[in-house]
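S.K.: This is the structure I want to talk about, given as structure tokens.
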Amino acid sequence: MGLLSNKTAIITGASRGIGKATAALFAAEGANLILVSRTLDPLNLLKTDLQSRYDVAIDVFQADVSKLDQLKQLFSELSSKNLIADILVNNAGIMIDATLLMVKPEQIENIYSTNVYGSMYCSQLVLKHFIRKKGGSIINLSSIIGTNGNLGQTIYGSSKAAMIGFTKSLSKELASLNIRVNAIAPGFIETDMTKGMNEKFYEKNLASIGMKRIGKPEDVAKVALFLASDLSGYVTGQVIGVDGGMII
Amino acid sequence: MSNSTLLYKAFAEALNIDPEKVNDELRFQSIPEWDSISHMVLISVLEETFGISMETDDVIDLSSVSKAREILTKYKVVF
């Protein structure tokens, strides 16, 4: 019996990075998965890989979380397949580095549509699943930039700070329905987002981490597992930092 | 079981009240049991009972049992 046996988890942005690592760990713990990404090919590869190792059901869906019509279509398909979720990991996110004066309106729109509105819409749509099951867990991916701020990341940081406010208020709204809502605030994690960073900025970030190593997606996935499982059955409205003691 | 009976049953179950307390005049927030939190449960139970998925505007507009009847008719539920 795994920590997530008989549970079904929706993971957005599951094709790579933290989403992919979370999918792998959840499958290892017995969860059936509903994986969502803008591109289907990497999800199909991930599905094949995980199903060769674990006896779990995996459904993959192509959807852009910034598009409400696509999310409605996704949840409609879930209903028609009688797929009812117990866990939602709002992981899909994008990052744009630019000082405020250099940010174009469409970039602000893009970041908020994906990082904030996408998570809000997914949460709204999954609620009916959770109410039907008389419980559930929503895990929102925030960021250390959302808790502490960082130069050149005003819009990204504010979108991640919005997820903290969303998490805290929604947790109060849903506590009596046995639905828990928590957030994870990763620090400097080795993903495609950070791989493109210039060397000087990378080294500067590394120097600010107490544990002197960049985090791995699996480090974040382990905390997502805790928040998804009954191990955190009395935990809601919390923001857990996964940053190796990073100071910003 | 008729759809009217199912509708009343859904309200009683979702709001956790005696079936006798459910009638077409029952309104949102007219009793302590029908608040904004139990409203979410009500929507879920109605959707499951009638096999539909409501739009957000309808979730907001569903302010009484009679209004629920009107809204469900839009989703081809016949009373």
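FYI, nothing fancy with the structure tokens labels: chains A, B, ... in order, residues from 1 per chain, ligands from 1 as they appear.
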Tell me, as a PyMOL selection string, which residues lie within 10 Å of range 177-182 of chain A, counting only C-alpha atoms; anything in the same chain fewer than 3 positions away does not count.

M.R.: (chain A and resi 86-89+123+127+130-131+133-142+163-164+166-174+224+227-228+232-240) or (chain B and resi 37-38+40-41)

S.K.: Generate the output file for the selected residues, C-alpha atoms, as an mmCIF file, in the first residue's frame.

M.R.:
```cif
data_model
loop_
_atom_site.group_PDB
_atom_site.id
_atom_site.type_symbol
_atom_site.label_atom_id
_atom_site.label_comp_id
_atom_site.auth_asym_id
_atom_site.auth_seq_id
_atom_site.Cartn_x
_atom_site.Cartn_y
_atom_site.Cartn_z
ATOM 1 C CA ASP A 86 -8.942 13.506 -4.868
ATOM 2 C CA ILE A 87 -5.884 15.698 -5.398
ATOM 3 C CA LEU A 88 -5.094 18.703 -7.582
ATOM 4 C CA VAL A 89 -1.536 19.932 -8.067
ATOM 5 C CA SER A 123 -9.488 24.703 -8.378
ATOM 6 C CA LEU A 127 -14.178 21.419 -6.283
ATOM 7 C CA PHE A 130 -13.882 16.950 -3.985
ATOM 8 C CA ILE A 131 -17.329 17.766 -2.624
ATOM 9 C CA LYS A 133 -15.817 12.627 -2.465
ATOM 10 C CA LYS A 134 -16.278 14.557 0.785
ATOM 11 C CA GLY A 135 -12.641 15.655 0.852
ATOM 12 C CA GLY A 136 -9.585 16.501 -1.179
ATOM 13 C CA SER A 137 -6.284 18.293 -1.335
ATOM 14 C CA ILE A 138 -5.274 21.245 -3.498
ATOM 15 C CA ILE A 139 -1.559 21.952 -3.757
ATOM 16 C CA ASN A 140 -0.566 25.264 -5.306
ATOM 17 C CA LEU A 141 2.946 25.890 -6.552
ATOM 18 C CA SER A 142 4.050 29.303 -5.352
ATOM 19 C CA MET A 163 -1.236 32.136 -5.102
ATOM 20 C CA ILE A 164 -0.400 32.454 -1.406
ATOM 21 C CA PHE A 166 -5.539 32.396 -2.837
ATOM 22 C CA THR A 167 -4.310 29.393 -0.853
ATOM 23 C CA LYS A 168 -4.926 30.975 2.540
ATOM 24 C CA SER A 169 -8.419 32.263 1.754
ATOM 25 C CA LEU A 170 -9.561 29.140 -0.062
ATOM 26 C CA SER A 171 -8.323 26.947 2.777
ATOM 27 C CA LYS A 172 -10.648 28.801 5.152
ATOM 28 C CA GLU A 173 -13.533 28.548 2.721
ATOM 29 C CA LEU A 174 -13.180 24.787 2.285
ATOM 30 C CA ALA A 224 3.769 17.639 -2.619
ATOM 31 C CA LEU A 227 0.518 17.546 1.286
ATOM 32 C CA ALA A 228 -1.410 15.169 -0.968
ATOM 33 C CA SER A 232 -0.852 16.064 6.304
ATOM 34 C CA GLY A 233 -4.485 15.348 7.170
ATOM 35 C CA TYR A 234 -4.631 18.236 9.677
ATOM 36 C CA VAL A 235 -2.598 20.714 7.602
ATOM 37 C CA THR A 236 -4.339 23.434 5.609
ATOM 38 C CA GLY A 237 -3.694 27.040 4.627
ATOM 39 C CA GLN A 238 0.085 26.590 4.873
ATOM 40 C CA VAL A 239 2.938 27.649 2.630
ATOM 41 C CA ILE A 240 5.902 25.288 2.860
ATOM 42 C CA ILE B 37 -20.595 26.874 1.969
ATOM 43 C CA SER B 38 -23.544 24.475 1.818
ATOM 44 C CA MET B 40 -21.326 24.497 -2.973
ATOM 45 C CA VAL B 41 -22.478 21.097 -1.688
#
```

S.K.: Select, as number ranges by chain, those residues of chain B with any atom no more than 12 Å from chain A (distances computed using only C-alpha atoms).

M.R.: B: 14, 35-49, 51-56, 59

S.K.: For the residues selected in the previous step, produce a file with C-alpha atoms as a tab-separated table (two decimals), in the first residue's frame.

M.R.:
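Result file is selection34.tsv:
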```
chain	number	residue	atom	x	y	z
B	14	ALA	CA	-27.24	18.81	0.52
B	35	ASP	CA	-25.24	29.37	3.43
B	36	SER	CA	-22.48	30.01	0.90
B	37	ILE	CA	-20.59	26.87	1.97
B	38	SER	CA	-23.54	24.48	1.82
B	39	HIS	CA	-24.45	26.11	-1.50
B	40	MET	CA	-21.33	24.50	-2.97
B	41	VAL	CA	-22.48	21.10	-1.69
B	42	LEU	CA	-25.95	21.76	-3.08
B	43	ILE	CA	-24.58	22.45	-6.56
B	44	SER	CA	-22.53	19.28	-6.44
B	45	VAL	CA	-25.52	17.18	-5.34
B	46	LEU	CA	-27.81	18.72	-7.98
B	47	GLU	CA	-25.23	18.06	-10.69
B	48	GLU	CA	-24.80	14.47	-9.60
B	49	THR	CA	-28.54	13.88	-9.22
B	51	GLY	CA	-26.19	14.36	-14.50
B	52	ILE	CA	-25.42	17.92	-15.54
B	53	SER	CA	-22.63	20.49	-15.14
B	54	MET	CA	-23.74	24.01	-14.29
B	55	GLU	CA	-22.18	27.20	-15.57
B	56	THR	CA	-20.88	29.63	-12.95
B	59	VAL	CA	-24.46	28.62	-9.69
```

S.K.: Compile the contact shell of Asn44 in chain A as a list of chain:residue names: residues with an atom at most 9 Å away, counting only C-alpha atoms, same-chain residues fewer than 5 positions apart removed.

M.R.: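 Skipping anything fewer than 5 positions along the chain leaves A:Ser15, A:Asp49, A:Val60.
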
S.K.: What does the file look like for those residues with N, CA and C atoms, as a compact mmCIF listing (two decimals), in the first residue's frame?

M.R.:
```
# COMPACT_ATOMS: atom_id res chain seq x y z
N SER A 15 4.51 17.66 -17.85
CA SER A 15 5.42 17.09 -18.86
C SER A 15 6.88 17.21 -18.48
N ASP A 49 6.42 5.25 -19.55
CA ASP A 49 7.49 4.97 -18.58
C ASP A 49 6.91 4.58 -17.22
N VAL A 60 -3.89 11.04 -19.94
CA VAL A 60 -3.18 12.28 -20.30
C VAL A 60 -4.11 13.18 -21.12
```

S.K.: Can you tell me how far CA of Ser113 in chain A sits from CA of Ala92 in chain A, in Å to one decimal?

M.R.: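 These atoms are spaced 10.8 Å apart.
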
S.K.: In Å, with one decimal, what is the gap from CA of Gln29 in chain B to CA of Val126 in chain A?

M.R.: 24.7 Å

S.K.: With a distance cut-off of 12 Å and only C-alpha atoms, select the neighbouring residues of Thr39 in chain A, excluding the residue or stretch itself and same-chain residues fewer than 3 positions from it, and output the selection as a PDB file with C-alpha atoms, in the first residue's frame.

M.R.:
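The resulting file, out.pdb, is shown below:
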```
ATOM      1  CA  THR A  12      -0.960  20.349 -14.421  1.00  0.00           C
ATOM      2  CA  GLY A  13       2.289  21.150 -16.194  1.00  0.00           C
ATOM      3  CA  ALA A  14       3.181  17.475 -15.809  1.00  0.00           C
ATOM      4  CA  SER A  15       5.415  17.093 -18.857  1.00  0.00           C
ATOM      5  CA  ARG A  16       8.629  18.263 -17.201  1.00  0.00           C
ATOM      6  CA  LEU A  35      -1.689  14.430 -16.365  1.00  0.00           C
ATOM      7  CA  VAL A  36      -2.182  17.754 -18.115  1.00  0.00           C
ATOM      8  CA  PRO A  42       6.060  14.166 -23.461  1.00  0.00           C
ATOM      9  CA  LEU A  43       3.020  13.139 -21.421  1.00  0.00           C
ATOM     10  CA  ASN A  44       2.587   9.993 -23.489  1.00  0.00           C
ATOM     11  CA  LEU A  45       6.258   9.141 -22.978  1.00  0.00           C
ATOM     12  CA  LEU A  46       5.896   9.729 -19.249  1.00  0.00           C
ATOM     13  CA  VAL A  60      -3.182  12.280 -20.298  1.00  0.00           C
ATOM     14  CA  PHE A  61      -4.828  15.440 -21.572  1.00  0.00           C
ATOM     15  CA  GLN A  62      -3.647  18.309 -23.699  1.00  0.00           C
ATOM     16  CA  ALA A  63      -4.800  21.628 -22.276  1.00  0.00           C
ATOM     17  CA  ASP A  64      -3.470  25.115 -21.732  1.00  0.00           C
ATOM     18  CA  VAL A  65      -4.495  26.104 -18.201  1.00  0.00           C
TER      19      VAL A  65
END
```

S.K.: To test your reading of the structure, identify every residue in chain B that backbone DSSP assigns to helix (DSSP H, G or I), and report it as a PyMOL selection string.

M.R.: chain B and resi 3-15+19-21+36-50+56-61+65-74

S.K.: Can you tell me, as a list in words, what residues are no more than 12 Å from Gly210 in chain A when counting only C-alpha atoms, ignoring any on the same chain fewer than 4 positions away?

M.R.: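 So the residues in contact are Gly187, Phe188, Asn205, Leu206, Ile214, Gly215, Val242, Asp243, Gly244, Gly245, Met246, Ile247 and Ile248 of chain A.
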
S.K.: Tell me, in Å to one decimal, how far CA of Ser5 in chain A is from CA of Gly30 in chain A.

M.R.: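 Value for the CA of Ser5 in chain A-CA of Gly30 in chain A distance: 4.4 Å.
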
S.K.: Set the distance at 8 Å and use only C-alpha atoms: which residues neighbour Tyr121 in chain A once local chain neighbours fewer than 4 positions away are removed? I'd like the list as a list in words.

M.R.: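 The neighbour list is Leu68, Leu71, Tyr117 and Leu125 of chain A.
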
S.K.: Would you output that residue set with N, CA and C atoms, as an mmCIF file, in the first residue's frame?

M.R.:
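Wrote again36.cif, looks like this:
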```
data_model
loop_
_atom_site.group_PDB
_atom_site.id
_atom_site.type_symbol
_atom_site.label_atom_id
_atom_site.label_comp_id
_atom_site.auth_asym_id
_atom_site.auth_seq_id
_atom_site.Cartn_x
_atom_site.Cartn_y
_atom_site.Cartn_z
ATOM 1 N N LEU A 68 -9.712 28.993 -20.317
ATOM 2 C CA LEU A 68 -10.829 28.424 -19.552
ATOM 3 C C LEU A 68 -11.640 27.425 -20.374
ATOM 4 N N LEU A 71 -10.026 24.128 -20.229
ATOM 5 C CA LEU A 71 -10.172 23.486 -18.906
ATOM 6 C C LEU A 71 -11.575 22.905 -18.738
ATOM 7 N N TYR A 117 -4.767 32.719 -12.922
ATOM 8 C CA TYR A 117 -6.128 32.370 -13.349
ATOM 9 C C TYR A 117 -6.240 30.864 -13.606
ATOM 10 N N LEU A 125 -13.047 24.168 -10.816
ATOM 11 C CA LEU A 125 -13.624 23.021 -11.521
ATOM 12 C C LEU A 125 -13.475 21.712 -10.744
#
```

S.K.: Tell me, as a ChimeraX atom specification, which residues lie within 10 Å of Ile31 in chain B, counting only C-alpha atoms; anything in the same chain fewer than 4 positions away does not count.

M.R.: /B:15,17,21,26-27,35

S.K.: Put those residues in a file: C-alpha atoms, as a JSON list (two decimals), in the first residue's frame.

M.R.:
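Listing of again_25.json after writing:
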```
[["chain", "number", "residue", "atom", "x", "y", "z"],
["B", 15, "LEU", "CA", -28.46, 21.17, 3.23],
["B", 17, "ILE", "CA", -32.41, 19.38, 6.64],
["B", 21, "LYS", "CA", -38.61, 21.88, 5.22],
["B", 26, "LEU", "CA", -37.16, 28.09, 0.25],
["B", 27, "ARG", "CA", -34.52, 30.73, -0.48],
["B", 35, "ASP", "CA", -25.24, 29.37, 3.43]]
```

S.K.: Name the residues of range 11-211 of chain A that fall into strand (DSSP E) according to DSSP on the backbone, using the chain letters and numbers of this document, as number ranges by chain.

M.R.: A: 11-12, 32-37, 58-62, 87-90, 136-141, 179-186

S.K.: Using only N, CA and C atoms, please write the residues we just selected to a file, as a short mmCIF file (atom, residue, chain, number, x, y, z; two decimals), in the first residue's frame.

M.R.:
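Writing the result to out_8.cif gives the following:
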```cif
data_model
loop_
_atom_site.label_atom_id
_atom_site.label_comp_id
_atom_site.auth_asym_id
_atom_site.auth_seq_id
_atom_site.Cartn_x
_atom_site.Cartn_y
_atom_site.Cartn_z
N ILE A 11 -2.45 16.57 -12.16
CA ILE A 11 -1.22 17.38 -12.09
C ILE A 11 -1.12 18.19 -13.37
N THR A 12 -1.11 19.51 -13.23
CA THR A 12 -0.96 20.35 -14.42
C THR A 12 0.53 20.63 -14.64
N ASN A 32 -3.45 6.99 -8.99
CA ASN A 32 -3.84 7.07 -10.40
C ASN A 32 -3.67 8.52 -10.83
N LEU A 33 -3.25 8.72 -12.07
CA LEU A 33 -2.87 10.08 -12.48
C LEU A 33 -3.70 10.60 -13.64
N ILE A 34 -3.99 11.88 -13.56
CA ILE A 34 -4.55 12.62 -14.69
C ILE A 34 -3.54 13.71 -14.99
N LEU A 35 -2.80 13.52 -16.07
CA LEU A 35 -1.69 14.43 -16.37
C LEU A 35 -2.10 15.42 -17.44
N VAL A 36 -1.77 16.69 -17.20
CA VAL A 36 -2.18 17.75 -18.11
C VAL A 36 -0.97 18.57 -18.54
N SER A 37 -0.92 18.87 -19.82
CA SER A 37 0.16 19.72 -20.33
C SER A 37 -0.28 20.32 -21.66
N ILE A 58 -3.26 5.84 -15.77
CA ILE A 58 -2.79 7.18 -16.13
C ILE A 58 -3.55 7.67 -17.36
N ASP A 59 -4.17 8.83 -17.23
CA ASP A 59 -4.83 9.47 -18.37
C ASP A 59 -4.11 10.77 -18.67
N VAL A 60 -3.89 11.04 -19.94
CA VAL A 60 -3.18 12.28 -20.30
C VAL A 60 -4.11 13.18 -21.12
N PHE A 61 -3.97 14.47 -20.89
CA PHE A 61 -4.83 15.44 -21.57
C PHE A 61 -4.00 16.64 -22.01
N GLN A 62 -4.29 17.10 -23.21
CA GLN A 62 -3.65 18.31 -23.70
C GLN A 62 -4.55 19.49 -23.37
N ILE A 87 -7.04 14.80 -5.59
CA ILE A 87 -5.88 15.70 -5.40
C ILE A 87 -5.72 16.55 -6.65
N LEU A 88 -5.43 17.83 -6.45
CA LEU A 88 -5.09 18.70 -7.58
C LEU A 88 -3.76 19.37 -7.29
N VAL A 89 -2.81 19.22 -8.19
CA VAL A 89 -1.54 19.93 -8.07
C VAL A 89 -1.50 21.01 -9.15
N ASN A 90 -1.68 22.25 -8.71
CA ASN A 90 -1.63 23.38 -9.65
C ASN A 90 -0.17 23.76 -9.87
N GLY A 136 -10.56 16.37 -0.10
CA GLY A 136 -9.59 16.50 -1.18
C GLY A 136 -8.44 17.40 -0.76
N SER A 137 -7.46 17.47 -1.64
CA SER A 137 -6.28 18.29 -1.33
C SER A 137 -5.87 19.07 -2.58
N ILE A 138 -5.78 20.39 -2.42
CA ILE A 138 -5.27 21.25 -3.50
C ILE A 138 -3.88 21.70 -3.10
N ILE A 139 -2.94 21.53 -4.02
CA ILE A 139 -1.56 21.95 -3.76
C ILE A 139 -1.18 22.97 -4.82
N ASN A 140 -0.93 24.19 -4.38
CA ASN A 140 -0.57 25.26 -5.31
C ASN A 140 0.93 25.49 -5.30
N LEU A 141 1.51 25.61 -6.48
CA LEU A 141 2.95 25.89 -6.55
C LEU A 141 3.16 27.39 -6.56
N ILE A 179 -11.72 19.74 2.77
CA ILE A 179 -10.85 19.96 1.61
C ILE A 179 -9.70 20.85 2.07
N ARG A 180 -8.49 20.34 1.90
CA ARG A 180 -7.31 21.08 2.35
C ARG A 180 -6.66 21.82 1.18
N VAL A 181 -6.13 23.00 1.47
CA VAL A 181 -5.48 23.80 0.43
C VAL A 181 -4.16 24.31 0.98
N ASN A 182 -3.08 23.94 0.33
CA ASN A 182 -1.75 24.36 0.79
C ASN A 182 -0.91 24.79 -0.40
N ALA A 183 0.18 25.46 -0.10
CA ALA A 183 1.08 25.90 -1.17
C ALA A 183 2.51 25.48 -0.86
N ILE A 184 3.27 25.31 -1.92
CA ILE A 184 4.71 25.05 -1.79
C ILE A 184 5.43 26.23 -2.42
N ALA A 185 6.46 26.70 -1.72
CA ALA A 185 7.26 27.81 -2.25
C ALA A 185 8.68 27.31 -2.52
N PRO A 186 8.90 26.76 -3.72
CA PRO A 186 10.25 26.27 -4.03
C PRO A 186 11.23 27.43 -4.15
#
```
